[in-house]
Every structure is written in C-alpha cells, then in structure tokens.
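This is structure29.cif. It holds mmCIF, C-alpha atoms and all ligand atoms.
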```cif
data_protein
#
loop_
_atom_site.label_atom_id
_atom_site.label_comp_id
_atom_site.auth_asym_id
_atom_site.auth_seq_id
_atom_site.Cartn_x
_atom_site.Cartn_y
_atom_site.Cartn_z
CA MET A 167 32.58 -0.27 -21.85
CA THR A 168 35.71 -2.36 -21.42
CA ALA A 169 36.29 -4.10 -18.10
CA PRO A 170 39.55 -3.30 -16.32
CA VAL A 171 42.33 -5.76 -17.02
CA ASP A 172 42.95 -8.19 -14.18
CA VAL A 173 46.67 -8.24 -13.49
CA VAL A 174 46.57 -10.60 -10.49
CA ASP A 175 46.70 -13.85 -12.42
CA ARG A 176 49.14 -12.89 -15.10
CA HIS A 177 52.30 -14.88 -15.70
CA ARG A 178 55.29 -14.22 -13.54
CA PRO A 179 58.21 -12.44 -15.19
CA THR A 180 60.48 -14.86 -16.98
CA VAL A 181 63.92 -15.23 -15.47
CA ILE A 182 66.51 -15.28 -18.20
CA GLU A 183 69.80 -17.04 -17.65
CA VAL A 184 72.76 -15.49 -19.35
CA SER A 185 76.06 -17.13 -20.17
CA GLY A 186 78.21 -14.42 -18.59
CA ASP A 187 78.85 -10.72 -18.41
CA THR A 188 81.52 -10.59 -21.08
CA CYS A 189 81.26 -10.65 -24.86
CA ASP A 190 81.24 -14.17 -26.33
CA ARG A 191 82.95 -12.91 -29.48
CA CYS A 192 85.45 -10.37 -28.17
CA GLY A 193 86.50 -12.41 -25.12
CA PRO A 194 86.65 -11.90 -21.36
CA ALA A 195 88.22 -8.43 -21.64
CA VAL A 196 85.06 -6.87 -23.08
CA ALA A 197 81.93 -6.35 -20.98
CA ALA A 198 78.62 -7.60 -22.36
CA PHE A 199 75.64 -5.29 -22.79
CA VAL A 200 73.40 -7.39 -25.01
CA TYR A 201 72.09 -10.69 -23.61
CA VAL A 202 70.43 -13.21 -25.87
CA VAL A 203 68.58 -16.45 -25.21
CA THR A 204 68.52 -18.79 -28.18
CA ARG A 205 67.03 -22.25 -28.60
CA THR A 206 70.50 -23.70 -28.14
CA GLY A 207 71.52 -21.61 -25.12
CA PRO A 208 72.34 -18.14 -23.87
CA LEU A 209 74.75 -15.72 -25.51
CA SER A 210 76.28 -12.43 -24.43
CA TYR A 211 77.61 -9.65 -26.62
CA CYS A 212 79.27 -6.31 -26.12
CA GLY A 213 77.57 -3.19 -27.46
CA HIS A 214 79.56 -3.34 -30.68
CA CYS A 215 78.77 -6.97 -31.46
CA GLY A 216 75.19 -6.59 -30.24
CA THR A 217 74.62 -3.72 -32.63
CA ARG A 218 76.35 -5.56 -35.46
CA PHE A 219 74.17 -8.69 -35.08
CA TRP A 220 71.06 -6.88 -33.84
CA VAL A 221 68.76 -7.73 -36.73
CA ALA A 222 69.78 -11.40 -36.84
CA LEU A 223 69.53 -11.72 -33.07
CA ASN A 224 66.01 -10.36 -33.00
CA GLU A 225 64.98 -12.71 -35.80
CA GLN A 226 66.46 -15.86 -34.23
CA ALA A 227 66.57 -15.36 -30.47
CA VAL A 228 63.92 -16.39 -27.98
CA ALA A 229 64.65 -13.27 -25.92
CA VAL A 230 66.97 -10.29 -26.25
CA ILE A 231 67.95 -8.01 -23.38
CA ASP A 232 69.41 -4.73 -24.56
CA CYS A 233 71.52 -2.98 -21.91
CA ARG A 234 73.40 -0.79 -24.36
CA HIS A 235 71.98 2.30 -22.69
CA LEU A 236 74.29 1.46 -19.75
CA ILE A 237 77.41 1.87 -21.87
CA THR A 238 79.25 4.92 -20.66
CA ALA A 239 82.62 4.66 -22.37
ZN ZN B 1 81.99 -8.05 -28.79
#
```
Could I get this file's structure written as structure tokens?
Amino acid sequence: MTAPVDVVDRHRPTVIEVSGDTCDRCGPAVAAFVYVVTRTGPLSYCGHCGTRFWVALNEQAVAVIDCRHLITA
C-alpha cells in the first residue's frame, strides 16, 4: 500500500517574471499571450508568434506560460 503524498513541505510555486504584456516581435500594438523565461531573460509573444516558435521555445526555454486560450479575437 502506498502512503499518501505529503503536500505540506512541497516547493512554493515559482513566480515567473515576464518582460511585458505585448509581443516582443510584433511590437507594443500586439498583446502577448505566450510568456517565456529563458536563461538570458524573459520574453513575451503574441499568439501568432508563440505558435510559430512553439517547438523551439519549449526546447530552449526554462518555462513557458501559454495563455493562448484567452485569445478572443
Ligand atoms: Zn507577435
């Protein structure tokens, strides 16, 4: 029988700093929906750029936050 997992001492959620809420490639007119933390710093991308670079981002980034489900337009 497996003992229940103790969740009291687990690590706190990591707070991820993002560079901004607009796409780093498209400019300040385009809202960001994909946030990436790389070894050299944070990046933000719109849904289009995030999808375009998705595979590379997931291979190279420390963390990826996908908010593309919030895109309504
Ligand atoms: Zn973009």
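In this structure, CA of Pro194 (chain A) sits 23.7 Å away from CA of Asn224 (chain A).
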Site check for ligand ZN 1 (chain B): residues at most 6 Å away, only C-alpha atoms and all ligand atoms, as a PyMOL selection string: chain A and resi 189+191-192+211-212+214-215
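The two atoms in question, CA of Ala222 (chain A) and CA of Thr188 (chain A), are spaced 19.7 Å apart.
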Separation of CA of Val202 (chain A) from CA of Ala229 (chain A) in Å: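 Separation between CA of Ala229 (chain A) and CA of Val202 (chain A): 5.8 Å.
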Residue with smallest distance to Thr238 (chain A) - pool A:Leu209, A:Val221, A:Ala197, A:Val203, counting all atoms listed in the file: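 Of A:Leu209, A:Val221, A:Ala197, A:Val203, the one nearest Thr238 (chain A), counting all atoms listed in the file, is A:Ala197.
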Proximity to Thr217 (chain A) - best of A:Ala195, A:Val230, A:Arg205, A:Val200, all atoms listed in the file: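 Using all atoms listed in the file, the shortest distance to Thr217 (chain A) belongs to A:Val200.
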Nearest-residue call for Leu223 (chain A), choices A:Gly193, A:Gly186, A:Ser210, A:Ala198, using all atoms listed in the file: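 Going through A:Gly193, A:Gly186, A:Ser210, A:Ala198 one by one, the smallest distance to Leu223 (chain A) is for A:Ser210.
Counting all atoms listed in the file, the residue from A:Arg218, A:Pro208, A:Val196, A:Gly213 that sits nearest to His235 (chain A) is A:Gly213.
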Shortest interatomic distance to Thr204 (chain A) - which of A:Gln226, A:Asp187, A:Arg234, A:Phe219, counting only C-alpha atoms: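 Nearest candidate to Thr204 (chain A) out of A:Gln226, A:Asp187, A:Arg234, A:Phe219: A:Gln226.
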Region 194-207 of chain A, all listed atoms, 8 Å padding on each side: what axis-aligned box centre and edge lengths in Å to one decimal come out, as JSON?
```
{"center_x": 77.6, "center_y": -14.5, "center_z": -24.8, "size_x": 37.2, "size_y": 34.4, "size_z": 23.6}
```
